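Asks: Pasting in a structure now, in structure tokens, and then I'll have a few things to ask.
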Amino acid sequence: MKDWAAGDKDLLAWREATGIKAESAYYESLHETPLIANLIARKKLYEMNKVISDTAARPMLKDFMKKVDLDIVGKGLALKDTKVSNHLLNQVNESIRNHPVEIVGKKLRAYMTAMKAIVS
């Protein structure tokens, strides 16, 4: 909690000193995906969220929530038109494809030659 209060100074210094290879980060993310899917399938996400919220998010959000106008929380957007132009959609997709995570993922997936398609 001390480091958190200090803006994660020690954590950020540790990351700067040791770092993590992009490929390792990608595989670590893949490792977490089935664990999260399993939690959802077993309907345990609520319990995990409750523990995380009680221990981490609640103190962090305490001051922020004092400033939030409670009239707007949970109401959604009052949009009549939710259309997106094809041009904008293409731009967003291109940005996603060129994100560093996707670039690393594309490279690593190319090595996975024994993978079978889920759908044909």
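In the structure tokens, each chain is lettered A, B, ... as it comes, each chain's residues begin at 1, and ligands are numbered from 1 in order of appearance.
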Which polymer residues have any atom within 12 Å of an atom of stretch 18-30 of chain A, counting only C-alpha atoms, with same-chain residues fewer than 6 positions away left out, as an MDAnalysis selection string?
Replies: chainID A and resid 11:12 36:37 99:109
Asks: Determine which residues of stretch 13-88 of chain A receive a DSSP assignment of alpha helix (DSSP H), computed from the backbone, and state them as an MDAnalysis selection string.
Replies: chainID A and resid 13:18 22:41 45:52 58:66 86:88
Asks: Rounded to one decimal in Å, what is the spacing between atom CA of A:Val92 and atom CA of A:Gly76?
Replies: 22.6 Å
Asks: How far is it from atom CA of A:Lys2 to atom CA of A:Ala17, in Å with one decimal?
Replies: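 Here the two named atoms are 20.0 Å from each other.
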